[in-house]
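Source file: start12.cif. Holds: mmCIF, N, CA and C atoms.
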```cif
data_upload
loop_
_atom_site.label_atom_id
_atom_site.label_comp_id
_atom_site.auth_asym_id
_atom_site.auth_seq_id
_atom_site.Cartn_x
_atom_site.Cartn_y
_atom_site.Cartn_z
N MET B 1 -48.91 -58.59 46.47
CA MET B 1 -48.91 -59.17 47.79
C MET B 1 -48.80 -58.06 48.83
N ILE B 2 -49.65 -58.13 49.80
CA ILE B 2 -49.63 -57.15 50.89
C ILE B 2 -49.30 -57.94 52.18
N PRO B 3 -48.09 -57.78 52.69
CA PRO B 3 -47.67 -58.56 53.86
C PRO B 3 -48.63 -58.52 55.03
N ASP B 4 -49.23 -57.36 55.31
CA ASP B 4 -50.18 -57.27 56.43
C ASP B 4 -51.39 -58.17 56.22
N VAL B 5 -51.85 -58.29 55.00
CA VAL B 5 -53.00 -59.15 54.69
C VAL B 5 -52.61 -60.61 54.89
N VAL B 6 -51.43 -60.99 54.41
CA VAL B 6 -50.96 -62.37 54.59
C VAL B 6 -50.84 -62.68 56.07
N GLU B 7 -50.24 -61.77 56.83
CA GLU B 7 -50.09 -61.98 58.27
C GLU B 7 -51.44 -62.12 58.97
N PHE B 8 -52.39 -61.26 58.61
CA PHE B 8 -53.73 -61.32 59.20
C PHE B 8 -54.40 -62.66 58.91
N THR B 9 -54.34 -63.11 57.65
CA THR B 9 -55.01 -64.36 57.30
C THR B 9 -54.35 -65.55 57.98
N LEU B 10 -53.04 -65.52 58.11
CA LEU B 10 -52.35 -66.61 58.81
C LEU B 10 -52.76 -66.65 60.28
N LYS B 11 -52.83 -65.51 60.91
CA LYS B 11 -53.23 -65.45 62.32
C LYS B 11 -54.66 -65.96 62.52
N ASN B 12 -55.48 -65.78 61.49
CA ASN B 12 -56.88 -66.20 61.58
C ASN B 12 -57.13 -67.55 60.92
N GLU B 13 -56.06 -68.27 60.64
CA GLU B 13 -56.13 -69.62 60.09
C GLU B 13 -57.02 -69.70 58.86
N THR B 14 -56.80 -68.77 57.94
CA THR B 14 -57.55 -68.69 56.69
C THR B 14 -56.60 -68.98 55.54
N VAL B 15 -57.11 -69.54 54.48
CA VAL B 15 -56.29 -69.79 53.30
C VAL B 15 -55.75 -68.46 52.78
N VAL B 16 -54.48 -68.44 52.44
CA VAL B 16 -53.80 -67.23 51.98
C VAL B 16 -53.46 -67.38 50.50
N ILE B 17 -53.99 -66.47 49.66
CA ILE B 17 -53.74 -66.51 48.22
C ILE B 17 -53.37 -65.11 47.73
N PRO B 18 -52.13 -64.67 48.01
CA PRO B 18 -51.73 -63.36 47.51
C PRO B 18 -51.45 -63.42 46.01
N GLY B 19 -51.50 -62.26 45.39
CA GLY B 19 -51.19 -62.17 43.98
C GLY B 19 -49.74 -61.81 43.76
N ALA B 20 -49.21 -62.20 42.61
CA ALA B 20 -47.82 -61.90 42.27
C ALA B 20 -47.68 -61.79 40.76
N LEU B 21 -46.60 -61.17 40.36
CA LEU B 21 -46.33 -61.01 38.94
C LEU B 21 -44.97 -61.59 38.58
N THR B 22 -43.96 -61.22 39.33
CA THR B 22 -42.60 -61.63 39.02
C THR B 22 -42.18 -62.83 39.86
N PRO B 23 -41.12 -63.53 39.44
CA PRO B 23 -40.62 -64.64 40.27
C PRO B 23 -40.26 -64.19 41.69
N SER B 24 -39.68 -63.00 41.82
CA SER B 24 -39.33 -62.49 43.16
C SER B 24 -40.57 -62.31 44.02
N GLU B 25 -41.64 -61.83 43.43
CA GLU B 25 -42.89 -61.67 44.17
C GLU B 25 -43.48 -63.02 44.55
N VAL B 26 -43.38 -64.00 43.67
CA VAL B 26 -43.86 -65.35 43.97
C VAL B 26 -43.10 -65.91 45.17
N ILE B 27 -41.79 -65.77 45.15
CA ILE B 27 -40.96 -66.27 46.26
C ILE B 27 -41.31 -65.55 47.55
N ALA B 28 -41.48 -64.24 47.49
CA ALA B 28 -41.83 -63.47 48.70
C ALA B 28 -43.17 -63.93 49.26
N ALA B 29 -44.13 -64.16 48.40
CA ALA B 29 -45.45 -64.62 48.84
C ALA B 29 -45.36 -66.00 49.48
N TRP B 30 -44.62 -66.88 48.87
CA TRP B 30 -44.46 -68.25 49.38
C TRP B 30 -43.76 -68.23 50.74
N ARG B 31 -42.70 -67.47 50.83
CA ARG B 31 -41.95 -67.37 52.10
C ARG B 31 -42.80 -66.73 53.21
N ALA B 32 -43.72 -65.86 52.83
CA ALA B 32 -44.58 -65.21 53.81
C ALA B 32 -45.65 -66.15 54.36
N GLY B 33 -45.84 -67.31 53.68
CA GLY B 33 -46.80 -68.29 54.17
C GLY B 33 -47.99 -68.54 53.28
N ALA B 34 -47.93 -68.10 52.04
CA ALA B 34 -49.05 -68.30 51.11
C ALA B 34 -49.34 -69.77 50.91
N ASP B 35 -50.63 -70.10 50.84
CA ASP B 35 -51.04 -71.47 50.50
C ASP B 35 -50.96 -71.67 48.99
N PHE B 36 -51.34 -70.66 48.26
CA PHE B 36 -51.28 -70.60 46.80
C PHE B 36 -50.81 -69.20 46.44
N VAL B 37 -50.27 -69.04 45.23
CA VAL B 37 -49.93 -67.71 44.75
C VAL B 37 -50.66 -67.51 43.43
N LYS B 38 -51.43 -66.45 43.37
CA LYS B 38 -52.23 -66.12 42.18
C LYS B 38 -51.34 -65.32 41.23
N ILE B 39 -51.21 -65.81 40.01
CA ILE B 39 -50.37 -65.16 39.00
C ILE B 39 -51.26 -64.41 38.03
N PHE B 40 -51.02 -63.12 37.88
CA PHE B 40 -51.78 -62.29 36.95
C PHE B 40 -51.11 -62.38 35.58
N LEU B 41 -51.78 -63.02 34.63
CA LEU B 41 -51.15 -63.40 33.36
C LEU B 41 -51.47 -62.54 32.17
N ARG B 42 -52.30 -61.59 32.29
CA ARG B 42 -52.84 -60.86 31.14
C ARG B 42 -51.79 -60.57 30.07
N ALA B 43 -50.63 -60.07 30.43
CA ALA B 43 -49.63 -59.68 29.42
C ALA B 43 -48.31 -60.43 29.57
N LEU B 44 -48.35 -61.63 30.13
CA LEU B 44 -47.09 -62.31 30.43
C LEU B 44 -46.82 -63.58 29.63
N GLY B 45 -47.59 -63.87 28.63
CA GLY B 45 -47.31 -65.06 27.86
C GLY B 45 -48.17 -66.26 28.22
N GLY B 46 -49.21 -66.05 29.00
CA GLY B 46 -50.17 -67.11 29.27
C GLY B 46 -49.59 -68.33 29.93
N ASP B 47 -49.96 -69.50 29.42
CA ASP B 47 -49.56 -70.76 30.05
C ASP B 47 -48.05 -70.96 30.02
N GLN B 48 -47.36 -70.40 29.04
CA GLN B 48 -45.90 -70.53 28.99
C GLN B 48 -45.25 -69.87 30.21
N TYR B 49 -45.83 -68.80 30.69
CA TYR B 49 -45.28 -68.14 31.88
C TYR B 49 -45.42 -69.04 33.11
N ILE B 50 -46.55 -69.73 33.24
CA ILE B 50 -46.73 -70.69 34.34
C ILE B 50 -45.67 -71.78 34.22
N ARG B 51 -45.51 -72.32 33.04
CA ARG B 51 -44.52 -73.37 32.79
C ARG B 51 -43.12 -72.88 33.19
N THR B 52 -42.79 -71.65 32.83
CA THR B 52 -41.49 -71.08 33.14
C THR B 52 -41.30 -70.91 34.65
N LEU B 53 -42.33 -70.45 35.35
CA LEU B 53 -42.24 -70.28 36.80
C LEU B 53 -42.09 -71.62 37.52
N LYS B 54 -42.73 -72.66 37.01
CA LYS B 54 -42.69 -73.96 37.68
C LYS B 54 -41.31 -74.61 37.63
N ILE B 55 -40.47 -74.20 36.69
CA ILE B 55 -39.13 -74.79 36.61
C ILE B 55 -38.33 -74.50 37.89
N PRO B 56 -38.15 -73.22 38.28
CA PRO B 56 -37.38 -72.98 39.50
C PRO B 56 -38.23 -73.06 40.78
N LEU B 57 -39.56 -73.06 40.64
CA LEU B 57 -40.44 -73.01 41.81
C LEU B 57 -41.48 -74.14 41.79
N PRO B 58 -41.05 -75.38 41.66
CA PRO B 58 -42.03 -76.47 41.53
C PRO B 58 -42.88 -76.68 42.78
N GLN B 59 -42.40 -76.24 43.93
CA GLN B 59 -43.11 -76.45 45.19
C GLN B 59 -44.22 -75.44 45.43
N VAL B 60 -44.27 -74.37 44.62
CA VAL B 60 -45.26 -73.31 44.85
C VAL B 60 -46.52 -73.59 44.03
N PRO B 61 -47.66 -73.80 44.68
CA PRO B 61 -48.91 -73.99 43.94
C PRO B 61 -49.38 -72.64 43.36
N LEU B 62 -49.46 -72.58 42.05
CA LEU B 62 -49.81 -71.35 41.36
C LEU B 62 -51.25 -71.40 40.86
N ILE B 63 -51.93 -70.27 40.94
CA ILE B 63 -53.26 -70.12 40.37
C ILE B 63 -53.14 -69.17 39.19
N ALA B 64 -53.49 -69.64 38.01
CA ALA B 64 -53.45 -68.82 36.80
C ALA B 64 -54.69 -67.95 36.75
N SER B 65 -54.50 -66.65 36.57
CA SER B 65 -55.63 -65.73 36.56
C SER B 65 -55.40 -64.64 35.52
N GLY B 66 -56.45 -64.28 34.82
CA GLY B 66 -56.35 -63.24 33.80
C GLY B 66 -56.06 -63.87 32.45
N GLY B 67 -57.01 -63.81 31.55
CA GLY B 67 -56.81 -64.42 30.24
C GLY B 67 -57.16 -65.90 30.18
N VAL B 68 -57.76 -66.42 31.24
CA VAL B 68 -58.17 -67.83 31.25
C VAL B 68 -59.57 -67.91 30.67
N ASN B 69 -59.73 -68.76 29.65
CA ASN B 69 -61.04 -68.97 29.07
C ASN B 69 -61.18 -70.45 28.72
N GLN B 70 -62.28 -70.83 28.09
CA GLN B 70 -62.49 -72.25 27.78
C GLN B 70 -61.41 -72.80 26.86
N ALA B 71 -60.91 -71.98 25.95
CA ALA B 71 -59.89 -72.43 25.00
C ALA B 71 -58.52 -72.58 25.65
N THR B 72 -58.26 -71.84 26.74
CA THR B 72 -56.93 -71.86 27.35
C THR B 72 -56.86 -72.58 28.70
N ALA B 73 -57.99 -72.86 29.31
CA ALA B 73 -58.01 -73.43 30.66
C ALA B 73 -57.15 -74.69 30.78
N ALA B 74 -57.32 -75.61 29.88
CA ALA B 74 -56.57 -76.87 29.93
C ALA B 74 -55.07 -76.63 29.81
N ASN B 75 -54.68 -75.67 28.97
CA ASN B 75 -53.26 -75.37 28.80
C ASN B 75 -52.60 -74.94 30.11
N PHE B 76 -53.32 -74.17 30.93
CA PHE B 76 -52.77 -73.72 32.20
C PHE B 76 -52.58 -74.88 33.16
N ILE B 77 -53.52 -75.81 33.17
CA ILE B 77 -53.39 -76.98 34.05
C ILE B 77 -52.22 -77.85 33.59
N VAL B 78 -52.11 -78.10 32.31
CA VAL B 78 -51.00 -78.90 31.78
C VAL B 78 -49.66 -78.21 32.06
N ALA B 79 -49.64 -76.87 32.04
CA ALA B 79 -48.42 -76.11 32.29
C ALA B 79 -47.98 -76.18 33.75
N GLY B 80 -48.88 -76.61 34.63
CA GLY B 80 -48.51 -76.76 36.03
C GLY B 80 -49.31 -75.94 37.02
N ALA B 81 -50.31 -75.20 36.56
CA ALA B 81 -51.15 -74.45 37.49
C ALA B 81 -51.93 -75.40 38.38
N ALA B 82 -51.98 -75.09 39.67
CA ALA B 82 -52.76 -75.91 40.61
C ALA B 82 -54.25 -75.63 40.45
N ALA B 83 -54.56 -74.43 39.96
CA ALA B 83 -55.95 -74.02 39.78
C ALA B 83 -55.98 -72.86 38.79
N ILE B 84 -57.19 -72.51 38.38
CA ILE B 84 -57.35 -71.37 37.48
C ILE B 84 -58.38 -70.41 38.08
N GLY B 85 -58.15 -69.13 37.84
CA GLY B 85 -59.10 -68.11 38.27
C GLY B 85 -59.88 -67.65 37.05
N ILE B 86 -61.19 -67.73 37.14
CA ILE B 86 -62.03 -67.38 36.00
C ILE B 86 -63.05 -66.35 36.47
N GLY B 87 -63.16 -65.27 35.74
CA GLY B 87 -64.12 -64.22 36.11
C GLY B 87 -65.26 -64.16 35.13
N SER B 88 -65.23 -63.19 34.25
CA SER B 88 -66.35 -62.95 33.34
C SER B 88 -66.54 -64.08 32.33
N GLU B 89 -65.52 -64.89 32.11
CA GLU B 89 -65.67 -66.03 31.21
C GLU B 89 -66.58 -67.10 31.81
N LEU B 90 -66.68 -67.12 33.13
CA LEU B 90 -67.55 -68.08 33.81
C LEU B 90 -68.89 -67.45 34.19
N MET B 91 -68.84 -66.19 34.54
CA MET B 91 -70.06 -65.50 34.97
C MET B 91 -70.24 -64.22 34.17
N PRO B 92 -70.69 -64.35 32.93
CA PRO B 92 -70.88 -63.15 32.11
C PRO B 92 -71.88 -62.20 32.76
N ARG B 93 -71.57 -60.93 32.67
CA ARG B 93 -72.44 -59.90 33.28
C ARG B 93 -73.89 -60.05 32.82
N LYS B 94 -74.06 -60.33 31.54
CA LYS B 94 -75.42 -60.48 30.99
C LYS B 94 -76.17 -61.63 31.68
N ALA B 95 -75.47 -62.73 31.93
CA ALA B 95 -76.11 -63.87 32.61
C ALA B 95 -76.46 -63.53 34.05
N LEU B 96 -75.58 -62.79 34.72
CA LEU B 96 -75.86 -62.40 36.10
C LEU B 96 -77.06 -61.46 36.19
N LEU B 97 -77.07 -60.45 35.33
CA LEU B 97 -78.17 -59.48 35.35
C LEU B 97 -79.51 -60.13 35.03
N ALA B 98 -79.49 -61.09 34.10
CA ALA B 98 -80.73 -61.77 33.71
C ALA B 98 -81.04 -62.96 34.61
N ARG B 99 -80.16 -63.21 35.59
CA ARG B 99 -80.32 -64.33 36.52
C ARG B 99 -80.48 -65.66 35.78
N GLN B 100 -79.64 -65.84 34.78
CA GLN B 100 -79.68 -67.06 33.97
C GLN B 100 -78.68 -68.07 34.52
N ASP B 101 -79.05 -68.70 35.63
CA ASP B 101 -78.15 -69.63 36.29
C ASP B 101 -77.80 -70.84 35.43
N GLN B 102 -78.68 -71.27 34.56
CA GLN B 102 -78.38 -72.42 33.70
C GLN B 102 -77.22 -72.11 32.74
N TRP B 103 -77.13 -70.86 32.30
CA TRP B 103 -76.03 -70.44 31.44
C TRP B 103 -74.70 -70.58 32.20
N ILE B 104 -74.68 -70.11 33.43
CA ILE B 104 -73.46 -70.19 34.25
C ILE B 104 -73.13 -71.65 34.57
N ILE B 105 -74.14 -72.44 34.88
CA ILE B 105 -73.91 -73.86 35.15
C ILE B 105 -73.31 -74.55 33.93
N GLU B 106 -73.82 -74.24 32.75
CA GLU B 106 -73.29 -74.84 31.52
C GLU B 106 -71.84 -74.41 31.29
N LEU B 107 -71.53 -73.15 31.52
CA LEU B 107 -70.14 -72.69 31.36
C LEU B 107 -69.22 -73.40 32.35
N ALA B 108 -69.67 -73.56 33.59
CA ALA B 108 -68.88 -74.27 34.60
C ALA B 108 -68.64 -75.72 34.17
N ARG B 109 -69.66 -76.37 33.64
CA ARG B 109 -69.50 -77.75 33.17
C ARG B 109 -68.46 -77.83 32.08
N ARG B 110 -68.49 -76.88 31.14
CA ARG B 110 -67.52 -76.88 30.04
C ARG B 110 -66.09 -76.68 30.54
N PHE B 111 -65.92 -75.78 31.52
CA PHE B 111 -64.59 -75.58 32.09
C PHE B 111 -64.11 -76.85 32.78
N LEU B 112 -64.99 -77.48 33.55
CA LEU B 112 -64.62 -78.72 34.24
C LEU B 112 -64.26 -79.83 33.25
N ASP B 113 -65.02 -79.95 32.19
CA ASP B 113 -64.71 -80.96 31.17
C ASP B 113 -63.34 -80.71 30.55
N ALA B 114 -63.03 -79.46 30.26
CA ALA B 114 -61.73 -79.12 29.67
C ALA B 114 -60.59 -79.46 30.62
N ILE B 115 -60.78 -79.15 31.89
CA ILE B 115 -59.73 -79.41 32.88
C ILE B 115 -59.57 -80.91 33.13
N ARG B 116 -60.67 -81.62 33.23
CA ARG B 116 -60.58 -83.07 33.41
C ARG B 116 -59.83 -83.71 32.25
N GLY B 117 -60.13 -83.27 31.04
CA GLY B 117 -59.43 -83.79 29.87
C GLY B 117 -57.95 -83.48 29.90
N ALA B 118 -57.59 -82.31 30.36
CA ALA B 118 -56.18 -81.92 30.45
C ALA B 118 -55.45 -82.78 31.48
N ARG B 119 -56.08 -83.04 32.61
CA ARG B 119 -55.44 -83.85 33.66
C ARG B 119 -55.24 -85.28 33.18
N ILE B 120 -56.18 -85.81 32.46
CA ILE B 120 -56.06 -87.19 31.95
C ILE B 120 -54.89 -87.27 30.97
N HIS B 121 -54.79 -86.30 30.06
CA HIS B 121 -53.75 -86.32 29.04
C HIS B 121 -52.37 -86.00 29.59
N SER B 122 -52.29 -85.27 30.72
CA SER B 122 -50.98 -84.90 31.24
C SER B 122 -50.41 -85.95 32.19
N GLU B 123 -51.21 -86.94 32.57
CA GLU B 123 -50.72 -87.98 33.49
C GLU B 123 -50.05 -89.11 32.77
#
```

Can the structure from this file be put into structure tokens for me?
Amino acid sequence: MIPDVVEFTLKNETVVIPGALTPSEVIAAWRAGADFVKIFLRALGGDQYIRTLKIPLPQVPLIASGGVNQATAANFIVAGAAAIGIGSELMPRKALLARQDQWIIELARRFLDAIRGARIHSE
């Protein structure tokens, strides 16, 4: 989280999504005015870390990022993530270079299906 960036986006009435790693950083981002806080999960225990953060911070909308793929996407939503950040799992470099938009559309459909299924089962 970079406070100057958060301040700038708030002044310009733009959605603010700073990144955080620790609970203290999540709290600092939320107090600074973040709309969402992006959690970098690569080495933190995946969806269990989101679940753990949501216990003391249920009011903070978290975005799970790093390590999210088709097999894990639903787990992050069930754990309490408001959204997921997907990079190369959604837009593989090979598909972008070859301009294979149907490949990307199919991957997006699969992610949406997984998330819809998770929301139905968690309600």

Handout entry: Atomic separation - CA of Ile115 in chain B relative to CA of Gly87 in chain B, Å
Key =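 Computing the Euclidean distance for CA of Gly87 in chain B and CA of Ile115 in chain B yields 16.1 Å.
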
Handout entry: Shortest interatomic distance to Ala34 in chain B - which of B:Ala64, B:Leu53, B:Val6, B:Met91, counting all atoms listed in the file
Key = B:Val6

Handout entry: For atom C of Ala74 in chain B and atom N of Gln59 in chain B, the interatomic separation in Å (one decimal)
Key =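 If I compute the distance from atom C of Ala74 in chain B to atom N of Gln59 in chain B, I get 19.0 Å.
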
Practice task
From a DSSP pass on the backbone, collect the residues of range 4-78 of chain B flagged as helix (DSSP H, G or I) and hand them back as number ranges by chain.
Solution key: B: 4-11, 23-32, 47-54, 73-78

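Relative to atom N of Ile84 in chain B, CA of Trp30 in chain B is found at 17.4 Å.
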
Practice task
For Leu21 in chain B, list every protein, DNA or RNA residue within 9 Å, evaluated using only C-alpha atoms, and leave out those in the same chain fewer than 3 positions away; present the list as JSON, numbers by chain.
Solution key: {"B": [24, 25, 26, 38, 39, 40, 41, 44]}

Take the residues that were just selected and, keeping N, CA and C atoms, output them as a short mmCIF file (atom, residue, chain, number, x, y, z; two decimals), in the coordinates of the input.
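To be explicit, this is the file written out as result_36.cif:
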```
data_model
loop_
_atom_site.label_atom_id
_atom_site.label_comp_id
_atom_site.auth_asym_id
_atom_site.auth_seq_id
_atom_site.Cartn_x
_atom_site.Cartn_y
_atom_site.Cartn_z
N SER B 24 -39.68 -63.00 41.82
CA SER B 24 -39.33 -62.49 43.16
C SER B 24 -40.57 -62.31 44.02
N GLU B 25 -41.64 -61.83 43.43
CA GLU B 25 -42.89 -61.67 44.17
C GLU B 25 -43.48 -63.02 44.55
N VAL B 26 -43.38 -64.00 43.67
CA VAL B 26 -43.86 -65.35 43.97
C VAL B 26 -43.10 -65.91 45.17
N LYS B 38 -51.43 -66.45 43.37
CA LYS B 38 -52.23 -66.12 42.18
C LYS B 38 -51.34 -65.32 41.23
N ILE B 39 -51.21 -65.81 40.01
CA ILE B 39 -50.37 -65.16 39.00
C ILE B 39 -51.26 -64.41 38.03
N PHE B 40 -51.02 -63.12 37.88
CA PHE B 40 -51.78 -62.29 36.95
C PHE B 40 -51.11 -62.38 35.58
N LEU B 41 -51.78 -63.02 34.63
CA LEU B 41 -51.15 -63.40 33.36
C LEU B 41 -51.47 -62.54 32.17
N LEU B 44 -48.35 -61.63 30.13
CA LEU B 44 -47.09 -62.31 30.43
C LEU B 44 -46.82 -63.58 29.63
#
```

Exercise for the section: Using only N, CA and C atoms, pick whichever of B:Ile63, B:Leu10, B:Leu96, B:Leu57 has the shortest atom-to-atom distance to Phe36 in chain B. Expected result: B:Ile63

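Nearest-residue note for Gly80 in chain B: choosing from B:Ile50, B:Ala118, B:Leu97, B:Ala29, the minimum distance belongs to B:Ile50, counting all atoms listed in the file.
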